[in-house]
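Engineer: Input structure: entry_8.cif, which contains mmCIF, C-alpha atoms, pLDDT in the B column; chains and numbers go by the auth columns.
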```cif
data_run
#
loop_
_atom_site.group_PDB
_atom_site.id
_atom_site.type_symbol
_atom_site.label_atom_id
_atom_site.label_comp_id
_atom_site.label_asym_id
_atom_site.label_seq_id
_atom_site.Cartn_x
_atom_site.Cartn_y
_atom_site.Cartn_z
_atom_site.B_iso_or_equiv
_atom_site.auth_seq_id
_atom_site.auth_asym_id
ATOM 1 C CA GLY A 1 1.428 11.214 -31.071 39.00 41 A
ATOM 2 C CA ARG A 2 -2.201 11.176 -32.037 36.00 42 A
ATOM 3 C CA LEU A 3 -4.951 9.129 -30.450 31.00 43 A
ATOM 4 C CA ASP A 4 -7.775 8.358 -32.858 36.00 44 A
ATOM 5 C CA PHE A 5 -11.097 7.323 -31.330 33.00 45 A
ATOM 6 C CA GLY A 6 -12.947 7.282 -34.648 39.00 46 A
ATOM 7 C CA THR A 7 -12.605 5.463 -37.959 39.00 47 A
ATOM 8 C CA GLU A 8 -9.795 6.187 -40.395 40.00 48 A
ATOM 9 C CA HIS A 9 -11.693 9.053 -42.060 40.00 49 A
ATOM 10 C CA GLU A 10 -12.968 10.795 -38.932 39.00 50 A
ATOM 11 C CA THR A 11 -11.100 13.392 -36.955 37.00 51 A
ATOM 12 C CA PRO A 12 -10.869 12.973 -33.205 39.00 52 A
ATOM 13 C CA ARG A 13 -13.932 14.206 -31.322 39.00 53 A
ATOM 14 C CA SER A 14 -12.047 16.664 -29.130 38.00 54 A
ATOM 15 C CA PRO A 15 -8.824 18.555 -29.825 38.00 55 A
ATOM 16 C CA THR A 16 -7.731 18.050 -26.202 39.00 56 A
ATOM 17 C CA LEU A 17 -7.432 14.311 -26.789 39.00 57 A
ATOM 18 C CA VAL A 18 -4.580 14.698 -29.264 42.00 58 A
ATOM 19 C CA ASP A 19 -2.613 17.693 -27.974 44.00 59 A
ATOM 20 C CA ALA A 20 0.196 15.635 -26.406 48.00 60 A
ATOM 21 C CA GLU A 21 1.255 12.037 -26.170 55.00 61 A
ATOM 22 C CA GLY A 22 1.017 12.116 -22.354 54.00 62 A
ATOM 23 C CA GLN A 23 -2.518 13.472 -22.453 55.00 63 A
ATOM 24 C CA ALA A 24 -3.527 10.809 -24.988 56.00 64 A
ATOM 25 C CA THR A 25 -2.161 8.088 -22.729 61.00 65 A
ATOM 26 C CA LYS A 26 -4.082 9.457 -19.740 58.00 66 A
ATOM 27 C CA VAL A 27 -7.314 9.617 -21.723 55.00 67 A
ATOM 28 C CA ALA A 28 -6.828 6.053 -22.974 59.00 68 A
ATOM 29 C CA ALA A 29 -6.144 4.800 -19.443 61.00 69 A
ATOM 30 C CA ILE A 30 -9.205 6.579 -18.059 57.00 70 A
ATOM 31 C CA SER A 31 -11.422 5.256 -20.849 56.00 71 A
ATOM 32 C CA VAL A 32 -10.295 1.683 -20.067 59.00 72 A
ATOM 33 C CA LEU A 33 -11.102 2.237 -16.391 54.00 73 A
ATOM 34 C CA LEU A 34 -14.536 3.609 -17.066 54.00 74 A
ATOM 35 C CA GLU A 35 -15.560 1.085 -19.701 54.00 75 A
ATOM 36 C CA GLY A 36 -15.825 -1.532 -16.980 50.00 76 A
ATOM 37 C CA ASP A 37 -13.982 -4.325 -18.747 44.00 77 A
ATOM 38 C CA GLY A 38 -14.274 -6.530 -15.650 39.00 78 A
ATOM 39 C CA THR A 39 -10.906 -5.547 -14.223 49.00 79 A
ATOM 40 C CA SER A 40 -11.074 -4.721 -10.544 69.00 80 A
ATOM 41 C CA ALA A 41 -9.824 -1.398 -9.210 74.00 81 A
ATOM 42 C CA SER A 42 -7.171 -3.171 -7.179 75.00 82 A
ATOM 43 C CA ALA A 43 -5.653 -4.854 -10.239 77.00 83 A
ATOM 44 C CA ILE A 44 -5.223 -1.507 -11.980 77.00 84 A
ATOM 45 C CA LEU A 45 -4.356 0.660 -8.996 82.00 85 A
ATOM 46 C CA GLN A 46 -1.636 -1.701 -7.721 81.00 86 A
ATOM 47 C CA HIS A 47 0.704 -0.207 -10.307 80.00 87 A
ATOM 48 C CA LEU A 48 0.292 3.321 -8.944 81.00 88 A
ATOM 49 C CA LYS A 49 1.820 5.110 -5.997 82.00 89 A
ATOM 50 C CA ILE A 50 -0.498 6.873 -3.559 82.00 90 A
ATOM 51 C CA ALA A 51 0.106 10.286 -5.161 85.00 91 A
ATOM 52 C CA GLU A 52 -0.839 8.877 -8.572 86.00 92 A
ATOM 53 C CA VAL A 53 -4.014 7.313 -7.162 85.00 93 A
ATOM 54 C CA VAL A 54 -4.923 10.696 -5.676 86.00 94 A
ATOM 55 C CA HIS A 55 -4.346 12.434 -9.031 86.00 95 A
ATOM 56 C CA LEU A 56 -6.400 9.821 -10.851 84.00 96 A
ATOM 57 C CA HIS A 57 -9.272 10.070 -8.399 83.00 97 A
ATOM 58 C CA TYR A 58 -9.444 13.831 -9.062 87.00 98 A
ATOM 59 C CA ALA A 59 -9.644 13.310 -12.853 84.00 99 A
ATOM 60 C CA SER A 60 -13.428 12.890 -12.962 82.00 100 A
ATOM 61 C CA ARG A 61 -16.419 11.889 -10.904 84.00 101 A
ATOM 62 C CA ALA A 62 -16.260 8.351 -12.306 82.00 102 A
ATOM 63 C CA CYS A 63 -12.543 8.061 -11.477 81.00 103 A
ATOM 64 C CA HIS A 64 -13.283 9.390 -7.999 84.00 104 A
ATOM 65 C CA GLU A 65 -15.760 6.558 -7.436 84.00 105 A
ATOM 66 C CA PHE A 66 -13.424 4.004 -9.021 83.00 106 A
ATOM 67 C CA CYS A 67 -10.550 4.875 -6.661 86.00 107 A
ATOM 68 C CA ARG A 68 -12.583 4.823 -3.453 86.00 108 A
ATOM 69 C CA SER A 69 -13.971 1.975 -1.397 86.00 109 A
ATOM 70 C CA SER A 70 -17.757 1.879 -1.403 85.00 110 A
ATOM 71 C CA ALA A 71 -17.698 0.739 2.246 88.00 111 A
ATOM 72 C CA THR A 72 -15.383 3.355 3.793 89.00 112 A
ATOM 73 C CA ARG A 73 -15.073 6.002 1.026 90.00 113 A
ATOM 74 C CA LYS A 74 -11.295 5.887 1.583 91.00 114 A
ATOM 75 C CA LEU A 75 -8.746 5.517 -1.221 89.00 115 A
ATOM 76 C CA ILE A 76 -8.014 2.059 -2.601 89.00 116 A
ATOM 77 C CA VAL A 77 -4.212 1.774 -2.565 87.00 117 A
ATOM 78 C CA PRO A 78 -3.025 -1.800 -3.192 89.00 118 A
ATOM 79 C CA THR A 79 0.657 -0.757 -3.054 91.00 119 A
ATOM 80 C CA PHE A 80 1.225 1.341 0.059 89.00 120 A
ATOM 81 C CA PHE A 81 4.462 2.977 1.183 91.00 121 A
ATOM 82 C CA HIS A 82 3.682 3.144 4.878 89.00 122 A
ATOM 83 C CA SER A 83 3.207 6.517 6.481 87.00 123 A
ATOM 84 C CA HIS A 84 1.492 6.968 9.840 85.00 124 A
ATOM 85 C CA ARG A 85 -0.072 10.181 8.572 87.00 125 A
ATOM 86 C CA ARG A 86 -1.438 8.702 5.334 88.00 126 A
ATOM 87 C CA ALA A 87 -2.722 5.428 6.784 89.00 127 A
ATOM 88 C CA ALA A 88 -5.917 7.153 7.961 90.00 128 A
ATOM 89 C CA MET A 89 -6.791 8.079 4.352 89.00 129 A
ATOM 90 C CA ILE A 90 -6.303 4.574 2.960 90.00 130 A
ATOM 91 C CA HIS A 91 -8.818 1.728 2.761 92.00 131 A
ATOM 92 C CA LEU A 92 -6.382 -0.615 4.512 93.00 132 A
ATOM 93 C CA PRO A 93 -8.144 -3.895 3.573 93.00 133 A
ATOM 94 C CA SER A 94 -7.215 -3.094 -0.062 90.00 134 A
ATOM 95 C CA VAL A 95 -3.451 -3.017 0.648 92.00 135 A
ATOM 96 C CA GLU A 96 -1.696 -6.009 -0.932 92.00 136 A
ATOM 97 C CA PHE A 97 1.918 -4.783 -0.896 93.00 137 A
ATOM 98 C CA MET A 98 3.288 -2.683 1.951 93.00 138 A
ATOM 99 C CA TYR A 99 6.679 -1.045 2.038 93.00 139 A
ATOM 100 C CA ALA A 100 7.490 -0.031 5.601 89.00 140 A
ATOM 101 C CA ASP A 101 11.273 0.147 5.339 87.00 141 A
ATOM 102 C CA GLU A 102 12.647 2.752 7.734 86.00 142 A
ATOM 103 C CA ALA A 103 9.112 3.428 9.020 82.00 143 A
ATOM 104 C CA LYS A 104 10.249 5.578 11.973 82.00 144 A
ATOM 105 C CA LEU A 105 8.855 3.281 14.665 80.00 145 A
ATOM 106 C CA SER A 106 10.640 5.191 17.395 76.00 146 A
ATOM 107 C CA SER A 107 8.141 4.760 20.239 81.00 147 A
ATOM 108 C CA PHE A 108 5.780 2.163 21.686 82.00 148 A
ATOM 109 C CA GLY A 109 2.837 4.267 20.492 87.00 149 A
ATOM 110 C CA LEU A 110 4.080 4.310 16.902 89.00 150 A
ATOM 111 C CA ASN A 111 4.704 0.559 17.099 86.00 151 A
ATOM 112 C CA GLU A 112 1.126 0.027 18.307 91.00 152 A
ATOM 113 C CA ASP A 113 -0.241 2.232 15.500 92.00 153 A
ATOM 114 C CA PHE A 114 1.792 0.271 12.966 91.00 154 A
ATOM 115 C CA ALA A 115 0.497 -3.041 14.367 91.00 155 A
ATOM 116 C CA ARG A 116 -3.116 -1.774 14.174 93.00 156 A
ATOM 117 C CA CYS A 117 -2.514 -0.664 10.615 92.00 157 A
ATOM 118 C CA LEU A 118 -1.164 -4.115 9.724 93.00 158 A
ATOM 119 C CA GLN A 119 -4.133 -5.860 11.348 93.00 159 A
ATOM 120 C CA GLU A 120 -6.507 -3.993 9.057 93.00 160 A
ATOM 121 C CA CYS A 121 -4.587 -5.011 5.912 92.00 161 A
ATOM 122 C CA ALA A 122 -6.552 -8.219 5.367 89.00 162 A
ATOM 123 C CA SER A 123 -5.403 -8.562 1.719 91.00 163 A
ATOM 124 C CA LEU A 124 -1.704 -8.058 2.483 92.00 164 A
ATOM 125 C CA ARG A 125 0.470 -10.497 0.532 93.00 165 A
ATOM 126 C CA GLN A 126 3.911 -8.891 0.744 93.00 166 A
ATOM 127 C CA LEU A 127 5.375 -6.887 3.611 91.00 167 A
ATOM 128 C CA TYR A 128 8.754 -5.196 3.338 93.00 168 A
ATOM 129 C CA CYS A 129 9.686 -3.906 6.770 89.00 169 A
ATOM 130 C CA SER A 130 13.467 -3.694 6.951 87.00 170 A
ATOM 131 C CA HIS A 131 15.737 -1.214 8.729 89.00 171 A
ATOM 132 C CA ASN A 132 13.392 -0.640 11.676 84.00 172 A
ATOM 133 C CA PRO A 133 15.717 -1.217 14.641 83.00 173 A
ATOM 134 C CA LYS A 134 13.079 -0.077 17.155 81.00 174 A
ATOM 135 C CA LEU A 135 10.393 -2.506 15.953 82.00 175 A
ATOM 136 C CA VAL A 136 8.698 -4.053 19.006 81.00 176 A
ATOM 137 C CA VAL A 137 8.256 -7.750 18.266 82.00 177 A
ATOM 138 C CA THR A 138 5.272 -8.290 20.602 83.00 178 A
ATOM 139 C CA HIS A 139 3.189 -5.590 18.869 83.00 179 A
ATOM 140 C CA PHE A 140 4.228 -6.802 15.436 85.00 180 A
ATOM 141 C CA ALA A 141 3.517 -10.452 16.285 86.00 181 A
ATOM 142 C CA ARG A 142 -0.022 -9.570 17.442 89.00 182 A
ATOM 143 C CA ALA A 143 -0.809 -8.218 13.971 87.00 183 A
ATOM 144 C CA LEU A 144 0.457 -11.211 11.993 88.00 184 A
ATOM 145 C CA PRO A 145 -2.344 -13.760 12.649 88.00 185 A
ATOM 146 C CA SER A 146 -4.813 -11.526 10.790 89.00 186 A
ATOM 147 C CA LEU A 147 -2.601 -11.599 7.672 89.00 187 A
ATOM 148 C CA GLN A 148 -3.520 -15.019 6.289 88.00 188 A
ATOM 149 C CA ASN A 149 -2.518 -14.175 2.682 90.00 189 A
ATOM 150 C CA LEU A 150 1.012 -13.104 3.596 90.00 190 A
ATOM 151 C CA VAL A 151 3.617 -14.873 1.438 92.00 191 A
ATOM 152 C CA VAL A 152 6.626 -12.521 1.693 91.00 192 A
ATOM 153 C CA VAL A 153 7.978 -10.847 4.840 87.00 193 A
ATOM 154 C CA ASP A 154 11.227 -8.878 4.900 88.00 194 A
ATOM 155 C CA LEU A 155 12.325 -8.079 8.457 85.00 195 A
ATOM 156 C CA SER A 156 16.030 -7.739 7.748 83.00 196 A
ATOM 157 C CA HIS A 157 18.230 -5.292 9.665 82.00 197 A
ATOM 158 C CA ASN A 158 15.696 -4.827 12.471 74.00 198 A
ATOM 159 C CA ARG A 159 17.566 -6.086 15.542 67.00 199 A
ATOM 160 C CA LEU A 160 14.474 -8.114 16.427 68.00 200 A
ATOM 161 C CA ALA A 161 16.026 -9.806 19.439 60.00 201 A
ATOM 162 C CA VAL A 162 16.883 -6.514 21.170 62.00 202 A
ATOM 163 C CA ASP A 163 14.557 -3.931 22.690 61.00 203 A
ATOM 164 C CA ASP A 164 16.458 -0.667 23.071 61.00 204 A
ATOM 165 C CA HIS A 165 13.615 1.784 23.693 57.00 205 A
ATOM 166 C CA ARG A 166 14.996 2.652 27.092 56.00 206 A
ATOM 167 C CA THR A 167 18.432 3.552 28.379 56.00 207 A
ATOM 168 C CA PHE A 168 19.241 -0.157 28.643 52.00 208 A
ATOM 169 C CA TYR A 169 18.915 -3.082 26.257 61.00 209 A
ATOM 170 C CA LYS A 170 16.747 -6.083 26.960 60.00 210 A
ATOM 171 C CA ALA A 171 16.013 -9.219 25.005 65.00 211 A
ATOM 172 C CA GLN A 172 12.805 -9.507 22.980 69.00 212 A
ATOM 173 C CA PRO A 173 11.438 -13.038 22.651 70.00 213 A
ATOM 174 C CA LEU A 174 11.153 -14.162 19.029 71.00 214 A
ATOM 175 C CA GLY A 175 8.911 -17.175 19.735 70.00 215 A
ATOM 176 C CA PRO A 176 5.605 -15.254 19.429 73.00 216 A
ATOM 177 C CA LEU A 177 6.766 -13.798 16.113 73.00 217 A
ATOM 178 C CA LEU A 178 7.670 -17.168 14.624 73.00 218 A
ATOM 179 C CA VAL A 179 4.458 -18.824 15.842 76.00 219 A
ATOM 180 C CA SER A 180 2.264 -16.065 14.389 77.00 220 A
ATOM 181 C CA LEU A 181 3.635 -16.222 10.825 79.00 221 A
ATOM 182 C CA SER A 182 1.199 -17.206 8.093 77.00 222 A
ATOM 183 C CA PRO A 183 1.181 -20.865 6.996 79.00 223 A
ATOM 184 C CA CYS A 184 1.257 -19.574 3.387 80.00 224 A
ATOM 185 C CA LEU A 185 4.578 -17.799 3.964 77.00 225 A
ATOM 186 C CA ARG A 186 7.141 -18.590 1.259 83.00 226 A
ATOM 187 C CA VAL A 187 9.833 -15.956 1.882 80.00 227 A
ATOM 188 C CA LEU A 188 11.115 -14.746 5.245 78.00 228 A
ATOM 189 C CA ASP A 189 14.143 -12.471 5.276 76.00 229 A
#
```
Written as C-alpha cells, that's how I'd like the structure from this file.
Structural biologist:
Amino acid sequence: GRLDFGTEHETPRSPTLVDAEGQATKVAAISVLLEGDGTSASAILQHLKIAEVVHLHYASRACHEFCRSSATRKLIVPTFFHSHRRAAMIHLPSVEFMYADEAKLSSFGLNEDFARCLQECASLRQLYCSHNPKLVVTHFARALPSLQNLVVVDLSHNRLAVDDHRTFYKAQPLGPLLVSLSPCLRVLD
C-alpha cells in the first residue's frame, strides 16, 4: 500500500515512506505521536509491550523523548509484564496494568522486591498476579495501600493461606491483605 502525505497530484516526499505497507503504518504512527495532538504518552503506549516501546523509543530523538519520563528518564510502560530484571528500567509510576502471573517469587527477597515494585506503581489499575504459590501475603499486603486506583486484582491459584518457603507449612493470615485492598476495587479473583 501507498501512503500519500501530499495532495492528489503530488508524489510522496520520500520513497522510503511508501516502500512497504508496514513501513507506511510505522511512519503514520510516529507522525501522530510527534504532532502532539494532545494524547498523552501513556494512552498510546498502553497498547504496546515493553519490547515494542523500546523499538519505538529508538526510532528517533523525538520518539526517544516521548517514551521516557522527564522525571526519571526511564521508559514509560503502562502495560508491564512483570520481570524483576526489567523493573529497574521502567518508570513504575506509569504502570497501569501489570501482569505478574507466574512471577517466580521463590524467595522472601524476591517477594520484597515485588512488593517494592508494586508500591511504586501509583497509577496501577489492574493487577493480574495468579499462579504464584510462594507469594508472601504480608509483603504483598504492605504494597496495596499505595495502590488507590486499583480496580481489578487477580490472585487466583496462589495458595495465599499457606506459607511453604521452608521445609514445613505454616498458615499466612489473610486479614492484613483484605484490610489493605483499595476501596475502589471492583473485581477480586
Engineer: Applied to this file, what does the PyMOL selection byres ((chain A and resi 174) around 6) return in terms of residues, put as a ChimeraX atom specification?
Structural biologist: /A:145-146,172-173,175
Engineer: In Å, rounded to a single decimal, give me how far CA of Ser163 in chain A is from CA of Val94 in chain A.
Structural biologist: 20.6 Å
Engineer: What does the distance from CA of Ala83 in chain A to CA of Arg226 in chain A come to in Å, to one decimal?
Structural biologist: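 Atom-to-atom, CA of Ala83 in chain A and CA of Arg226 in chain A are spaced 22.0 Å apart.
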Engineer: Which value, in Å to one decimal, gives the distance between CA of Ser109 in chain A and CA of Glu160 in chain A?
Structural biologist: 14.2 Å
Engineer: Residues picked by the PyMOL selection byres ((chain A and resi 190-198) around 7) here, as a PyMOL selection string?
Structural biologist: chain A and resi 164-173+175+187-189+199-200+222+224-229
Engineer: Now that the selection is made, can you save its residues with C-alpha atoms as a PDB file, in the coordinates of the input?
Structural biologist:
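What ended up in result-v1.pdb:
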```
ATOM      1  CA  LEU A 164      -1.704  -8.058   2.483  1.00 92.00           C
ATOM      2  CA  ARG A 165       0.470 -10.497   0.532  1.00 93.00           C
ATOM      3  CA  GLN A 166       3.911  -8.891   0.744  1.00 93.00           C
ATOM      4  CA  LEU A 167       5.375  -6.887   3.611  1.00 91.00           C
ATOM      5  CA  TYR A 168       8.754  -5.196   3.338  1.00 93.00           C
ATOM      6  CA  CYS A 169       9.686  -3.906   6.770  1.00 89.00           C
ATOM      7  CA  SER A 170      13.467  -3.694   6.951  1.00 87.00           C
ATOM      8  CA  HIS A 171      15.737  -1.214   8.729  1.00 89.00           C
ATOM      9  CA  ASN A 172      13.392  -0.640  11.676  1.00 84.00           C
ATOM     10  CA  PRO A 173      15.717  -1.217  14.641  1.00 83.00           C
ATOM     11  CA  LEU A 175      10.393  -2.506  15.953  1.00 82.00           C
ATOM     12  CA  LEU A 187      -2.601 -11.599   7.672  1.00 89.00           C
ATOM     13  CA  GLN A 188      -3.520 -15.019   6.289  1.00 88.00           C
ATOM     14  CA  ASN A 189      -2.518 -14.175   2.682  1.00 90.00           C
ATOM     15  CA  ARG A 199      17.566  -6.086  15.542  1.00 67.00           C
ATOM     16  CA  LEU A 200      14.474  -8.114  16.427  1.00 68.00           C
ATOM     17  CA  SER A 222       1.199 -17.206   8.093  1.00 77.00           C
ATOM     18  CA  CYS A 224       1.257 -19.574   3.387  1.00 80.00           C
ATOM     19  CA  LEU A 225       4.578 -17.799   3.964  1.00 77.00           C
ATOM     20  CA  ARG A 226       7.141 -18.590   1.259  1.00 83.00           C
ATOM     21  CA  VAL A 227       9.833 -15.956   1.882  1.00 80.00           C
ATOM     22  CA  LEU A 228      11.115 -14.746   5.245  1.00 78.00           C
ATOM     23  CA  ASP A 229      14.143 -12.471   5.276  1.00 76.00           C
TER      24      ASP A 229
END
```
Engineer: Might you pull out every residue within 10 Å of Arg108 in chain A, with only C-alpha atoms counted and same-chain residues fewer than 4 positions away left off, and present them as a list of chain:residue names?
Structural biologist: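 Result of the neighbour search: A:Ala81, A:Val93, A:Val94, A:His97, A:Cys103, A:His104, A:Thr112, A:Arg113, A:Lys114, A:Leu115, A:Ile116, A:Val117, A:Ile130, A:His131.
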Engineer: Excluding Ala127 in chain A and any residue of its chain fewer than 5 positions from it, enumerate the residues within 12 Å of it, using all atoms listed in the file, and give them as a list in words.
Structural biologist: Ile90, Lys114, Leu115, Ile116, Val117, Phe120, Phe121, His122, Leu132, Pro133, Ser134, Val135, Met138, Ala140, Asp153, Phe154, Ala155, Arg156, Cys157, Leu158, Glu160 and Cys161 of chain A
Engineer: Output the selection as a compact mmCIF listing (two decimals), in the coordinates of the input - C-alpha atoms for each residue.
Structural biologist:
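Contents of result.txt, as written:
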```
# COMPACT_ATOMS: atom_id res chain seq x y z
CA ILE A 90 -0.50 6.87 -3.56
CA LYS A 114 -11.30 5.89 1.58
CA LEU A 115 -8.75 5.52 -1.22
CA ILE A 116 -8.01 2.06 -2.60
CA VAL A 117 -4.21 1.77 -2.56
CA PHE A 120 1.23 1.34 0.06
CA PHE A 121 4.46 2.98 1.18
CA HIS A 122 3.68 3.14 4.88
CA LEU A 132 -6.38 -0.62 4.51
CA PRO A 133 -8.14 -3.90 3.57
CA SER A 134 -7.22 -3.09 -0.06
CA VAL A 135 -3.45 -3.02 0.65
CA MET A 138 3.29 -2.68 1.95
CA ALA A 140 7.49 -0.03 5.60
CA ASP A 153 -0.24 2.23 15.50
CA PHE A 154 1.79 0.27 12.97
CA ALA A 155 0.50 -3.04 14.37
CA ARG A 156 -3.12 -1.77 14.17
CA CYS A 157 -2.51 -0.66 10.62
CA LEU A 158 -1.16 -4.12 9.72
CA GLU A 160 -6.51 -3.99 9.06
CA CYS A 161 -4.59 -5.01 5.91
```
Engineer: From the options A:Arg126, A:Phe137, A:Pro223, A:Arg101, which residue's atoms come nearest to Ser82 in chain A, counting all atoms listed in the file?
Structural biologist: A:Phe137
Engineer: Nearest residue to Glu136 in chain A out of A:Ser110, A:Gln86, A:Thr178, A:Ser100, using all atoms listed in the file?
Structural biologist: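 Closest residue, counting all atoms listed in the file: A:Gln86.
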Engineer: Which residue gives the smallest distance to Ser147 in chain A among A:His179, A:Arg125, A:Leu88, A:Leu184, with all atoms listed in the file counted?
Structural biologist: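 Between A:His179, A:Arg125, A:Leu88, A:Leu184, the residue approaching Ser147 in chain A most closely is A:His179.
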Engineer: Need the shell around Pro216 in chain A: protein/DNA/RNA residues with any atom at most 9 Å away, counting all atoms listed in the file. Skip same-chain ones fewer than 5 positions apart. Format as an MDAnalysis selection string?
Structural biologist: chainID A and resid 177:178 181:182 221
Engineer: Which is closest to Pro118 in chain A among A:Asn151, A:Lys89, A:Ala143, A:Leu214, if we use all atoms listed in the file?
Structural biologist: A:Lys89
